[in-house]
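Single-structure report; data block below.
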Amino acid sequence: MKSSRLVLAEAMAVVFMVVWAFGCGGSDGNDVNHGAKAALVITTDYQTGSYAAVGLEDHSVVKNIAVIHSDAVCRYDPLSGRPFIISRMGADAVEIVDPETLAVAGEYSVGAGSNPQDIAPVSDSRAYVPRYGDKDLLVVNPLTGAEEDKIDLSSYADGDGLPEAAWAVAHGGKVYLTLHRLENFMPTDHSSILVIDGPSGAIDKEVELTATSPYGKLRYNPFIDRIVLVEVGSYGVLDGGVEYFNPADNSVSGLVVTEETLGGDLSDAVILSDTKGYAVLGVSQPDFSVITRVVSFNPSTGAKIADLSIGQGYDHAFIELTPDGSQLWVTDRNSNAPGIRIFDTTDDHEITTEPIDTGLPPFMICFIPD
Amino acid sequence: MSVNYTYMHALNRSQVAYYRGKRLPGRPAHEIYGKIEFGRRRAGLGIRLWADVDYAGNNYLDQANLKEDVLARLLFGAGLRLSDPRRGLVVTVEVKNLLDSYVLTDADGGRRPLRDFEAFPLPGRTIMATVLWRI
């Protein structure tokens, strides 16, 4: 049930989006919105979840549009033009976000205790929902939640009977699904990516990854025509890296950059070009604490380029490139002044003079393209 | 008759930007408890009757003050105690939440469970009986 405060926030979101739309409607071709009309920012303090909208041009913010689960991620669906919010363990639900108002337009359960991780729509009536806590890959109508199918993944599982299906992304009629294959949250012998035929659900192929536990968000990258895998391996051990999956021949590249070179456990990475990428690292300290860093690297040489930001703790969560690649948006969760920080990808200088306040600390960003 | 009232202006004064100035969760600003009691003793037997009222103002469930408020609640109770000191016998019957309210309606017409903490709804009308016999 919504309190009057939340209704007011949603109303403000509508006004914001309308004003924003008018404000940008007069653009005479200058690409000032970086290929997106807004950024939906998932925020959380791990007790309460919410989300905010940030304008691409003026960085105006509508905070706390609605209260959501404290453990949630977002996924923009280019087919329907809608962002989805996946509410993970404990909520086990998917929320549909209206792309114009950014209000929650619908919600459905995907099974109590199932711990959904992502959603990959392949049509307006078929979407794949990987669930960490279930051996079956759920297929639903993305707008109603009606169950269309279940695909048994137990033959891909490790010893605990669950394959830990996690991120999924749809591209070119296929769905690419990562299987973490963990036992007690520790990697087993390998992790893999499944290639699934979107319309039928038939599994075309399983491909073993070079490292294990692809924790970072799975994204198809149009700049290099590859799916980027961010493999953390075991935490505290520099055994992971970033690798590419080539959808043309269903092959993996091997690690293009390693945790050992970057100096920390990978939690996310995005690729700008053949020679430029960005990653978020968890770096163990001598006192056994962990700090996070945002770094740039060269995927062609596998070399680290520079530190962009060094947090004091787990300050940095997920990062995202604007659709045109001109900016890197970084989540900064430091408790004194959390928010979104923006870097210019041409020379990596920070554009923001202070973090863009999103209310609760930002966790993940989903751009809503034009 | 006894009445007590508590006012708390409990704010988070930490340096955490998204908590500072927010109300502490689970700490309503206003709480009132009142009880009126009658007692009689006749032929060595005692009887006591009472009614009470328990009010707690609305409050938040989370440090960020974003989650739904716990709505203000007003509960009534009543009790009866019969005692026979010669036999060491005391019988008490008490009713809590006399009006059996377990759902509250918020300003938007939404129905919410009566609760003090998230996921812990308070019970509806509850009748308790105690027999105490000192041998």
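Chain identifiers are assigned as A, B, and so on, following the order in which chains appear in the structure tokens; residues are numbered from 1 within each chain, and ligands are numbered from 1 in order of appearance.
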Among region 2-73 of chain B, which ones does DSSP place in strand (DSSP E), written as a short mmCIF file (atom, residue, chain, number, x, y, z; two decimals) with C-alpha atoms, in the first residue's frame?
```cif
data_model
loop_
_atom_site.label_atom_id
_atom_site.label_comp_id
_atom_site.auth_asym_id
_atom_site.auth_seq_id
_atom_site.Cartn_x
_atom_site.Cartn_y
_atom_site.Cartn_z
CA SER B 2 -3.35 6.01 36.19
CA VAL B 3 -2.26 7.77 33.02
CA ASN B 4 1.14 8.18 31.50
CA TYR B 5 2.21 10.00 28.40
CA THR B 6 5.56 9.89 26.63
CA TYR B 7 6.80 12.29 24.00
CA HIS B 30 3.52 10.07 21.25
CA GLU B 31 2.57 7.19 23.52
CA ILE B 32 -0.26 7.21 26.03
CA TYR B 33 -1.38 4.56 28.42
CA GLY B 34 -4.37 4.97 30.70
CA LYS B 35 -6.02 2.60 33.11
CA ILE B 36 -9.09 2.93 35.28
CA GLU B 37 -9.65 0.35 37.96
CA PHE B 38 -12.35 -0.41 40.51
CA GLY B 39 -11.97 -2.69 43.48
CA ARG B 40 -14.32 -4.04 46.17
CA ARG B 41 -13.83 -6.45 49.05
CA ARG B 42 -16.79 -8.17 50.60
CA LEU B 45 -13.64 -11.96 48.63
CA GLY B 46 -12.02 -9.39 46.40
CA ILE B 47 -13.11 -8.22 42.99
CA ARG B 48 -11.30 -5.84 40.70
CA LEU B 49 -12.43 -4.57 37.34
CA TRP B 50 -10.39 -2.47 35.01
CA ALA B 51 -10.26 -1.02 31.53
CA ASP B 52 -7.23 0.36 29.80
CA VAL B 53 -6.33 2.22 26.67
CA ASP B 54 -3.00 2.03 24.87
CA TYR B 55 -2.12 4.54 22.16
CA ALA B 56 1.08 4.68 20.11
CA ARG B 73 -2.93 2.52 16.89
#
```
* To do: Select all residues from chain B having any atom no more than 8 Å from an atom of chain A (counting only C-alpha atoms, ignoring ligands), output as an NGL selection string.
  => :B and (15-18 or 62 or 64 or 66-69 or 106-108 or 110-112)
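Reported to one decimal place, the separation of CA of Ile86 (chain A) from CA of Thr210 (chain A) is 27.6 Å.
If you look at CA of Ser200 (chain A) and CA of Leu229 (chain A), they are 24.6 Å away from each other.
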* In Å to one decimal, how far is CA of Leu99 (chain B) from CA of Leu80 (chain B)? -> 16.9 Å
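The shell of residues at most 7 Å from Pro28 (chain B), with only C-alpha atoms counted and near chain neighbours (fewer than 6 positions) removed, consists of Met8, Ala56, Gly57, Asn58 and Asn59 of chain B.
Counting only C-alpha atoms, the residue from A:Asp332, A:Asp274, A:Asp370, A:Glu164 that sits nearest to Pro355 (chain A) is A:Asp332.
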* Asked: Can you list, as a ChimeraX atom specification, every residue of region 224-368 of chain A that DSSP puts in alpha helix (DSSP H)?
  -> /A:259-262
* All residues 8 Å or closer to Ile319 (chain A), only C-alpha atoms, same chain fewer than 4 positions away omitted, as a list of chain:residue names -> A:Asp268, A:Ala269, A:Val270, A:Ala279, A:Val280, A:Leu328, A:Trp329, A:Val330, A:Thr331, A:Met364, A:Ile365
* Asked: Using only C-alpha atoms, which residues sit within 8 Å of region 294-309 of chain A once same-chain residues fewer than 5 positions away are excluded, as a ChimeraX atom specification?
  -> /A:256-258,261-262,274-281,316,348
So that I have them on file, write out the residues from the current selection with N, CA and C atoms, as a PDB file, in the first residue's frame.
```pdb
ATOM      1  N   VAL A 256      40.586 -11.049 -21.072  1.00  0.00           N
ATOM      2  CA  VAL A 256      41.235  -9.917 -21.730  1.00  0.00           C
ATOM      3  C   VAL A 256      41.947  -9.032 -20.707  1.00  0.00           C
ATOM      4  N   VAL A 257      41.540  -9.128 -19.484  1.00  0.00           N
ATOM      5  CA  VAL A 257      42.259  -8.468 -18.397  1.00  0.00           C
ATOM      6  C   VAL A 257      42.012  -9.315 -17.143  1.00  0.00           C
ATOM      7  N   THR A 258      43.002  -9.398 -16.307  1.00  0.00           N
ATOM      8  CA  THR A 258      42.896 -10.288 -15.150  1.00  0.00           C
ATOM      9  C   THR A 258      42.809  -9.486 -13.848  1.00  0.00           C
ATOM     10  N   THR A 261      46.269  -8.459 -12.659  1.00  0.00           N
ATOM     11  CA  THR A 261      46.804  -7.218 -13.232  1.00  0.00           C
ATOM     12  C   THR A 261      46.134  -5.991 -12.626  1.00  0.00           C
ATOM     13  N   LEU A 262      44.814  -6.085 -12.452  1.00  0.00           N
ATOM     14  CA  LEU A 262      44.079  -4.922 -11.952  1.00  0.00           C
ATOM     15  C   LEU A 262      44.255  -4.749 -10.442  1.00  0.00           C
ATOM     16  N   ASP A 274      37.878  -1.321 -28.130  1.00  0.00           N
ATOM     17  CA  ASP A 274      38.912  -2.363 -28.105  1.00  0.00           C
ATOM     18  C   ASP A 274      40.061  -2.006 -27.163  1.00  0.00           C
ATOM     19  N   THR A 275      40.209  -0.735 -26.902  1.00  0.00           N
ATOM     20  CA  THR A 275      41.370  -0.306 -26.116  1.00  0.00           C
ATOM     21  C   THR A 275      41.004   0.354 -24.786  1.00  0.00           C
ATOM     22  N   LYS A 276      39.720   0.375 -24.440  1.00  0.00           N
ATOM     23  CA  LYS A 276      39.342   1.062 -23.214  1.00  0.00           C
ATOM     24  C   LYS A 276      38.186   0.349 -22.525  1.00  0.00           C
ATOM     25  N   GLY A 277      38.395   0.078 -21.261  1.00  0.00           N
ATOM     26  CA  GLY A 277      37.336  -0.490 -20.447  1.00  0.00           C
ATOM     27  C   GLY A 277      37.439   0.054 -19.037  1.00  0.00           C
ATOM     28  N   TYR A 278      36.404  -0.175 -18.263  1.00  0.00           N
ATOM     29  CA  TYR A 278      36.375   0.286 -16.873  1.00  0.00           C
ATOM     30  C   TYR A 278      35.908  -0.866 -15.991  1.00  0.00           C
ATOM     31  N   ALA A 279      36.432  -0.895 -14.803  1.00  0.00           N
ATOM     32  CA  ALA A 279      36.065  -1.983 -13.897  1.00  0.00           C
ATOM     33  C   ALA A 279      35.945  -1.459 -12.475  1.00  0.00           C
ATOM     34  N   VAL A 280      35.152  -2.170 -11.695  1.00  0.00           N
ATOM     35  CA  VAL A 280      35.068  -1.924 -10.253  1.00  0.00           C
ATOM     36  C   VAL A 280      35.741  -3.099  -9.552  1.00  0.00           C
ATOM     37  N   LEU A 281      36.607  -2.772  -8.636  1.00  0.00           N
ATOM     38  CA  LEU A 281      37.394  -3.790  -7.943  1.00  0.00           C
ATOM     39  C   LEU A 281      37.202  -3.684  -6.445  1.00  0.00           C
ATOM     40  N   HIS A 316      31.821   1.599  -4.094  1.00  0.00           N
ATOM     41  CA  HIS A 316      31.413   1.523  -5.500  1.00  0.00           C
ATOM     42  C   HIS A 316      30.713   0.197  -5.775  1.00  0.00           C
ATOM     43  N   ASP A 348      38.729  10.726 -19.203  1.00  0.00           N
ATOM     44  CA  ASP A 348      38.460  10.178 -17.870  1.00  0.00           C
ATOM     45  C   ASP A 348      38.449  11.226 -16.756  1.00  0.00           C
TER      46      ASP A 348
END
```
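The protein and nucleic acid residues lying at most 9 Å from Ile119 (chain A) are Cys74, Arg75, Asp77, Phe84, Ile85, Ile86, Val94, Pro116, Gln117, Pro121, Ala127, Tyr128, Val129, Pro130, Pro142, Trp167, Ala168 and Val169 of chain A, with only C-alpha atoms considered and sequence neighbours fewer than 2 positions away removed.
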Those selected residues, please, written with N, CA and C atoms and delivered as a compact mmCIF listing (two decimals), in the first residue's frame.
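The result, stored in result-v3.txt:
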```txt
# COMPACT_ATOMS: atom_id res chain seq x y z
N CYS A 74 18.14 -3.67 -11.86
CA CYS A 74 17.27 -3.23 -12.96
C CYS A 74 17.79 -3.79 -14.28
N ARG A 75 16.88 -3.86 -15.23
CA ARG A 75 17.25 -4.29 -16.59
C ARG A 75 16.34 -3.55 -17.55
N ASP A 77 14.66 -3.21 -21.11
CA ASP A 77 14.30 -4.10 -22.21
C ASP A 77 14.13 -3.29 -23.49
N PHE A 84 12.76 -2.91 -16.17
CA PHE A 84 12.21 -3.84 -15.18
C PHE A 84 13.07 -3.76 -13.93
N ILE A 85 12.45 -3.98 -12.80
CA ILE A 85 13.19 -4.09 -11.54
C ILE A 85 13.02 -5.51 -11.05
N ILE A 86 14.12 -6.14 -10.75
CA ILE A 86 14.07 -7.51 -10.26
C ILE A 86 14.36 -7.48 -8.77
N VAL A 94 9.10 -9.37 -9.80
CA VAL A 94 9.53 -8.48 -10.89
C VAL A 94 8.56 -7.30 -10.92
N PRO A 116 15.05 -14.43 -7.77
CA PRO A 116 15.30 -14.07 -9.18
C PRO A 116 16.49 -13.12 -9.30
N GLN A 117 17.17 -13.24 -10.41
CA GLN A 117 18.40 -12.45 -10.60
C GLN A 117 18.31 -11.46 -11.74
N PRO A 121 13.64 -10.40 -21.66
CA PRO A 121 12.51 -10.53 -22.58
C PRO A 121 12.99 -10.76 -24.01
N ALA A 127 9.60 -13.92 -21.66
CA ALA A 127 10.81 -13.42 -21.00
C ALA A 127 11.38 -14.52 -20.12
N TYR A 128 12.67 -14.54 -20.04
CA TYR A 128 13.35 -15.55 -19.23
C TYR A 128 13.76 -14.93 -17.89
N VAL A 129 13.46 -15.64 -16.81
CA VAL A 129 13.78 -15.15 -15.48
C VAL A 129 14.65 -16.18 -14.77
N PRO A 130 15.96 -15.95 -14.75
CA PRO A 130 16.83 -16.87 -14.01
C PRO A 130 16.67 -16.68 -12.51
N PRO A 142 6.33 -11.16 -19.84
CA PRO A 142 7.01 -10.12 -19.05
C PRO A 142 6.09 -9.04 -18.51
N TRP A 167 22.69 -13.91 -14.30
CA TRP A 167 22.38 -12.87 -15.29
C TRP A 167 21.92 -13.49 -16.60
N ALA A 168 21.07 -12.76 -17.29
CA ALA A 168 20.63 -13.18 -18.62
C ALA A 168 20.47 -11.95 -19.49
N VAL A 169 20.85 -12.10 -20.76
CA VAL A 169 20.66 -11.00 -21.68
C VAL A 169 20.19 -11.56 -23.01
```
